[in-house]
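Colleague: My structure is below; once you've seen it, I'll send some questions.
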Amino acid sequence: MLRYLAKRALTYVFMIFLTTSSGYLLAVSTLQPALLEQERIPRPTPEQVVNSFRLKGLDPTLSPWERYVDWLTGILTRWDWGRSPNGAFINAEFGDRVWISTRLFLASIILTLVIGVALGVFTAARQYKASDRAITSYSYLMYIVPAPIAYFLVQLGAININESVGERVFFVTGISTPGLDGDGWAQFVDMLAHYAVPTFAITIVGWGAYQIAQRQYLLDNVNADFVRTARAKGLTRNQAISRHALRVSFIPVAQSIAFTIPAIFAGGFFAEKIFAWHGVGSWSIDSIALQDVNAATATLAYGSVIFAVGAILADFATTLVDPRVRVQ
Amino acid sequence: MTSNTTARDTAQGTAERLHAAGLHAPTDAVLSVRDLNVRFNTENGVVHAVRGVDFDVMPGKTLGIVGESGSGKSVTSMAIMGLLPPTAEITGSVRLQGKELLGLSDKAMCRHRGSDLAMVFQDPLSSLTPVYTVGTQIIEALTVHNPTMSKQAKEARAVELLGLVGIPSPKDRLKAFPHEFSGGMRQRVMIAIAIANNPRVLIADEPTTALDVTIQAQVLEVLHAAQEETGAAVVMITHDLGVVAGMADDIMVMYAGRPVETGSVDDIYYSPRMPYTMGLLGAVPRVDVAEKSSLVPIDGIPPNLTQPPTGCSFAPRCPLATEACLDGEPDLRAVAPGTGHSAACIKSEALADVDVHTVFAVPAVPVSRFDSLPRHERKTVLELRDVRKHFPLMKGALIKRRIGTVKAVDGLSFDIREGECFSIVGESGCGKTTTLLEIMEFHKDQDGEVVIGGLSNKQAADARAKSAMRKELQMVFQDPTGALDPRFTVYEVLAEPMENLGMPKAAIRKRIMELMELVGLQADHVNRFPNQFSGGQRQRIGIARALAVNPRLVVLDEPVSALDVSVQAGVINLLDKLRAELGLSYLMVAHDLSVVRHISNRVAVMYLGKIVEIGDVDAVFDNPRHPYTRALLSAIPVPDPELERTRERIILQGDLPSPLEAPAGCNFATRCPVFAALPPAKQEKCLTLEPALEASATDQQFACFYPDGELDADMLVVHENH
């Protein structure tokens, strides 16, 4: 197993290197931060701009290949991913961003998975009954509604509540109230007030996919021959389904879950923008708008790493739940 | 009529019918079923799948329920087990040791299921949960009914059970997962689960249908042992009249949801009194009889059970039906007092000692113009010379390396002459289908030579030669439903091969009308789609399609294995007729040796990619020389209870070995009953040298050093206790 993982990891490291390098070369030859500098007031002279960029390791006079070599040497020797045109260090910024994305998504992803899978099982056991029809229709609706619209609707709802109560119960944007003093309890309430809206919004949009998948896979197995065997042994229908059909139907779901977990850290652009949590997702888009070569490449590299981790996790999850799959 | 009197009438009717049926009194029966009715609500209306089934099973006895698909036999068993979906409407009475089971809740039923009432299902491959070990699944059956049993005791019992059903090194195998077992082994595990709590009644629903004949013989033996061990009553459900002949004490024949004839096994097999039973027995070819007579075809299809029948449900297919048969459904009536033999036919008295061939219009045995010609004077239509197909077995993800070779077909040579039917038989995995694929491949890079109608794959295998080859050779497939495009009408299906050859439209039209008549279909049905035909009719369409371009050789890949017995007889008779009338040659692959014996002239027995015995079908079947042929033939159940009871059976040990582990000397040595009985000095030869097909004076060759050798006593089984 370890050898297998090592082999897979090696393949992915190679893949990540390729995507990141080509990403960097593409970014360095198209993004022109110097043009943005021209919009400053007072307008700096071109020499000033070049000087300032040279100090940050972003010398625009070098050829893309020379800059690539510099950039790569920095990463390999000092683990230094460079600086932004505004002078910020990518390494430092990155840590903050990942932590923000994680905080935004962690709770909602766990809720999404638990609610989605549980509702999938619930509806499969009540196929075609009113509760099944209502829940499954809702899940399909959530497939259709674009996520930003759903987020806005939730925000509007929260604002309405605030207005009808006449007091600010929920914060619809931001991570915490700046400069809030008070004891631990006040801090905790403030955190809840900030977390509630985005977590709720992301969860109610997200669980639909898992509900539909889990319901489908379980229904495929509810009338399987081995469930009939289990019932013939003396298990009730519900026991037979929960002990035999559920585990088998969970195999494909486990795989998709494994791919979801890394996505927590990568964040999501819409949610971060709408709720004003500045995580990795919004950074990747902003960095392109700000012509920031190093930040854009760093988010790309991070995305590849996350994908590789997801793929390995999915393999791992499959071998864990399905004894038929053996790693060679 | 008030509901009260109806109830009393029904009760009286049931009692009367039982009395008339002469069935045993229900007091000492371990399982007794009365007036069982099952209805399903479907989109097409209410399907009355089981209509008034009564039977009793005595402790330690075996009841065989026989019928074709759709006759309601499986639904009956599921109703007894309480495993039908809640939408099924079940009425009547099912008593297990005097306790009523119908109407019990799922929870209450669970106390009986798996404890005193157990079941073995048809498909062992899908009947075990893939994610749990075999041991877990056996122990679960013990835990459900014995919550206080200790873990060690349960484990010990599981080991004991696995040993009982003949799984080698049971202690280690407890930790194995189902996918690590072969089909036969999984069915053994299913039996172990079923008998875990010493059931009083064991229901086996087609337990061997999905298995090879040699494995079927093993599993039947295990069932027999299980019954002896537990003393359970067994209800054996099957469509194969051979399987129950040796096992059952009583037989119930079902048709259209009703029992149409019940009685002791001898009564049913030797003096059937219901035309359907007679037809069913006449429709089965016999592996042990050389005499050639056409099979009994039962025309038509079973009735649609959404409409309540007004007369005898078999009347539309019965050659003896008269006006009186259409007037009310006949009840089961005793044919001879005191014997328990009863039939649901108003003419049952007149049917004593009547030959089935006089009842049904059995076609005459067709004679081909080639039959009188000696074999060596006929032209060769297909010849294989040393054909091999080896698959390399690779390992590794990036850099592949060869770790072995699967010799799927290993040096096959045979020829087929005009007007003859040549069959290849063997267990699944022996290379039968690969052989067919190699013939259809027809490529010059193949290992070995294939000559079709004078065209060799080595000389000219360009596109033109290939299309000429396709004109000589056509194929009929196993599954008639899957082989026909559901969006093509019959006309389009039949026209396609002729259009490919560039025939003019008018000629195609004329030929299609000819073909429809040739295969016994109505010419005005050409514009229908395949789903409007029954299985047997679809196979006839498949045959017509193969014949469209007038081939000389037709390759038949399991042509009747997907069909019911009565329908199968009609298709076999058709194939026989076409061979004679059109002078066709057949190359057939089949696992049913009775069918092979019936329609073939010559036969080859394959084992692990090699022919181990080849020759005239009567010579090989009556005087098999190779131990494998002997075992294969002895494993086939014969629909003759007397013979089955006294027959000596060779039960091969284990499964077909994986081609990877093919032994160095004789392939068969690992399972050979002769080899096992040989002194070590003689065994040496089998283990080191590879026996070749020996030429002989007669048309029978075999590859064995010790033909007709003494058989190992451990592999011989005779049941004398019946």
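Labeling convention for the structure tokens: chains A, B, ... as they appear, residues from 1 per chain, ligands from 1 in order of appearance.
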Using only C-alpha atoms and a cut-off of 7 Å, which residues of chain B sit close to chain A? Please list them as a VMD selection string.
Modeller: chain B and resid 106 to 107 110 to 114 118 to 119 126 to 129 131 141 144 179
Colleague: Mind the document's chain letters and residue numbers, and return as a PyMOL selection string the residues of stretch 89-193 of chain B that DSSP labels helix (DSSP H, G or I).
Modeller: chain B and resi 106-110+134-145+151-164+170-173+178-180+183-193
Colleague: Rounded to one decimal in Å, what is the spacing between atom CA of B:Ser348 and atom CA of B:Ala256?
Modeller: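 Value for the atom CA of B:Ser348-atom CA of B:Ala256 distance: 18.5 Å.
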Colleague: Which residues are near stretch 609-615 of chain B? Cut-off 6 Å, only C-alpha atoms, ignore same chain within fewer than 4 positions. Put them as a list in words.
Modeller: Ala408, Val409, Asp410, Cys430, Gly431, Arg602, Val603, Ala604, Val605, Asp699, Gln700, Gln701, Phe702 and Ala703 of chain B
Colleague: Could you produce a table of the residues of stretch 223-289 of chain A lying within 12 Å of stretch 11-35 of chain A, with the nearest pair of atoms per residue and their separation in Å rounded to one decimal, using only C-alpha atoms, ordered by chain and increasing residue number, as a tab-separated table?
Modeller:
residue	atom	partner	partner_atom	distance
A:Ser287	CA	A:Leu31	CA	9.9
A:Ile288	CA	A:Leu31	CA	7.6
A:Ala289	CA	A:Leu31	CA	9.1
Colleague: Do a neighbour search on stretch 187-203 of chain B at 7 Å with only C-alpha atoms, toss out local chain neighbours closer than 6 positions, and write the hits as an MDAnalysis selection string.
Modeller: chainID B and resid 114:120 124 138 141:142 161:162 165 219 230 232:236
Colleague: Generate the output file for the selected residues, C-alpha atoms, as a PDB file, in the first residue's frame.
Modeller:
ATOM      1  CA  GLY B 114     -33.334 -18.438   8.414  1.00  0.00           C
ATOM      2  CA  SER B 115     -34.259 -20.427  11.483  1.00  0.00           C
ATOM      3  CA  ASP B 116     -36.840 -23.122  10.721  1.00  0.00           C
ATOM      4  CA  LEU B 117     -37.526 -21.919   7.179  1.00  0.00           C
ATOM      5  CA  ALA B 118     -34.525 -21.316   4.944  1.00  0.00           C
ATOM      6  CA  MET B 119     -33.919 -20.678   1.277  1.00  0.00           C
ATOM      7  CA  VAL B 120     -31.196 -21.084  -1.341  1.00  0.00           C
ATOM      8  CA  PRO B 124     -24.893 -17.498  -6.323  1.00  0.00           C
ATOM      9  CA  ILE B 138     -22.542 -17.134   7.981  1.00  0.00           C
ATOM     10  CA  ALA B 141     -27.243 -15.969  10.250  1.00  0.00           C
ATOM     11  CA  LEU B 142     -26.280 -17.557  13.577  1.00  0.00           C
ATOM     12  CA  LEU B 161     -20.779 -25.621   8.249  1.00  0.00           C
ATOM     13  CA  LEU B 162     -18.206 -24.745   5.613  1.00  0.00           C
ATOM     14  CA  VAL B 165     -20.695 -28.161   2.369  1.00  0.00           C
ATOM     15  CA  VAL B 219     -23.926 -28.844  -5.465  1.00  0.00           C
ATOM     16  CA  THR B 230     -30.598 -31.549   9.118  1.00  0.00           C
ATOM     17  CA  ALA B 232     -35.188 -30.915   6.698  1.00  0.00           C
ATOM     18  CA  ALA B 233     -37.986 -31.104   4.218  1.00  0.00           C
ATOM     19  CA  VAL B 234     -36.807 -29.737   0.886  1.00  0.00           C
ATOM     20  CA  VAL B 235     -38.851 -27.854  -1.668  1.00  0.00           C
ATOM     21  CA  MET B 236     -36.896 -27.962  -4.900  1.00  0.00           C
TER      22      MET B 236
END
Colleague: For B:Met440, which of B:Ala495, B:Leu587, B:Cys421, B:Val567 is the closest residue, counting only C-alpha atoms?
Modeller: B:Leu587
Colleague: Closest to A:Glu37 among A:Ile144, A:Ala124, A:Val50, A:Val222, using only C-alpha atoms?
Modeller: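 Residue with the minimum atom-to-atom distance to A:Glu37: A:Val50.
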Colleague: Using only C-alpha atoms, find the one residue out of B:Leu575, B:Ala158, B:Ala321, B:Ala364 that sits nearest to B:Leu174.
Modeller: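 Nearest to B:Leu174: B:Ala158.
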Colleague: Could you give me, as a ChimeraX atom specification, the residues within 8 Å of B:Pro297, counting only C-alpha atoms and dropping anything in the same chain fewer than 2 positions from it?
Modeller: /B:279,283,295,299,360,362,566-570,573
Colleague: Restricting it to N, CA and C atoms, dump the selection as a PDB file, in the first residue's frame.
Modeller:
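Done, and the output landed in selection_8.pdb:
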ATOM      1  N   GLY B 279     -46.182 -33.385 -22.533  1.00  0.00           N
ATOM      2  CA  GLY B 279     -45.427 -32.601 -23.503  1.00  0.00           C
ATOM      3  C   GLY B 279     -44.076 -32.188 -22.952  1.00  0.00           C
ATOM      4  N   ALA B 283     -40.507 -33.119 -24.422  1.00  0.00           N
ATOM      5  CA  ALA B 283     -39.743 -32.024 -25.017  1.00  0.00           C
ATOM      6  C   ALA B 283     -38.277 -32.062 -24.624  1.00  0.00           C
ATOM      7  N   LEU B 295     -38.310 -34.212 -31.046  1.00  0.00           N
ATOM      8  CA  LEU B 295     -38.796 -33.813 -29.732  1.00  0.00           C
ATOM      9  C   LEU B 295     -40.233 -33.339 -29.844  1.00  0.00           C
ATOM     10  N   ASP B 299     -46.747 -25.998 -29.034  1.00  0.00           N
ATOM     11  CA  ASP B 299     -46.927 -24.731 -29.738  1.00  0.00           C
ATOM     12  C   ASP B 299     -47.530 -23.684 -28.814  1.00  0.00           C
ATOM     13  N   PHE B 360     -49.222 -35.361 -29.277  1.00  0.00           N
ATOM     14  CA  PHE B 360     -48.746 -34.145 -29.924  1.00  0.00           C
ATOM     15  C   PHE B 360     -48.340 -34.452 -31.356  1.00  0.00           C
ATOM     16  N   VAL B 362     -45.923 -34.676 -33.552  1.00  0.00           N
ATOM     17  CA  VAL B 362     -44.468 -34.652 -33.575  1.00  0.00           C
ATOM     18  C   VAL B 362     -44.005 -34.828 -35.012  1.00  0.00           C
ATOM     19  N   SER B 566     -40.265 -26.245 -23.449  1.00  0.00           N
ATOM     20  CA  SER B 566     -41.231 -26.576 -24.498  1.00  0.00           C
ATOM     21  C   SER B 566     -40.924 -25.790 -25.775  1.00  0.00           C
ATOM     22  N   VAL B 567     -40.412 -24.577 -25.619  1.00  0.00           N
ATOM     23  CA  VAL B 567     -40.074 -23.748 -26.768  1.00  0.00           C
ATOM     24  C   VAL B 567     -38.787 -24.256 -27.413  1.00  0.00           C
ATOM     25  N   GLN B 568     -37.862 -24.672 -26.555  1.00  0.00           N
ATOM     26  CA  GLN B 568     -36.578 -25.200 -26.994  1.00  0.00           C
ATOM     27  C   GLN B 568     -36.774 -26.368 -27.954  1.00  0.00           C
ATOM     28  N   ALA B 569     -37.742 -27.243 -27.641  1.00  0.00           N
ATOM     29  CA  ALA B 569     -37.985 -28.418 -28.483  1.00  0.00           C
ATOM     30  C   ALA B 569     -38.344 -27.988 -29.898  1.00  0.00           C
ATOM     31  N   GLY B 570     -39.187 -26.957 -30.022  1.00  0.00           N
ATOM     32  CA  GLY B 570     -39.583 -26.488 -31.343  1.00  0.00           C
ATOM     33  C   GLY B 570     -38.394 -25.966 -32.129  1.00  0.00           C
ATOM     34  N   ASN B 573     -36.150 -28.872 -33.218  1.00  0.00           N
ATOM     35  CA  ASN B 573     -36.744 -29.557 -34.360  1.00  0.00           C
ATOM     36  C   ASN B 573     -36.547 -28.752 -35.641  1.00  0.00           C
TER      37      ASN B 573
END
Colleague: Please provide the set of residues having any atom within 10 Å of B:Lys682, restricted to only C-alpha atoms, with same-chain residues fewer than 6 positions apart removed, written as a PyMOL selection string.
Modeller: chain B and resi 675+705-706
Colleague: Dump N, CA and C atoms for the selected residues as a JSON list (two decimals), in the first residue's frame?
Modeller:
[["chain", "number", "residue", "atom", "x", "y", "z"],
["B", 675, "PHE", "N", -6.76, -40.90, -12.52],
["B", 675, "PHE", "CA", -5.43, -40.55, -12.00],
["B", 675, "PHE", "C", -5.35, -40.79, -10.50],
["B", 705, "PHE", "N", -3.78, -41.60, -21.35],
["B", 705, "PHE", "CA", -2.88, -42.77, -21.28],
["B", 705, "PHE", "C", -3.61, -43.99, -20.72],
["B", 706, "TYR", "N", -4.56, -43.73, -19.86],
["B", 706, "TYR", "CA", -5.23, -44.86, -19.21],
["B", 706, "TYR", "C", -6.74, -44.79, -19.41]]
Colleague: Give me every strand (DSSP E or B) residue in stretch 253-378 of chain B, going by DSSP on the backbone, as a PyMOL selection string.
Modeller: chain B and resi 253-255+258-264+333-336+341-343
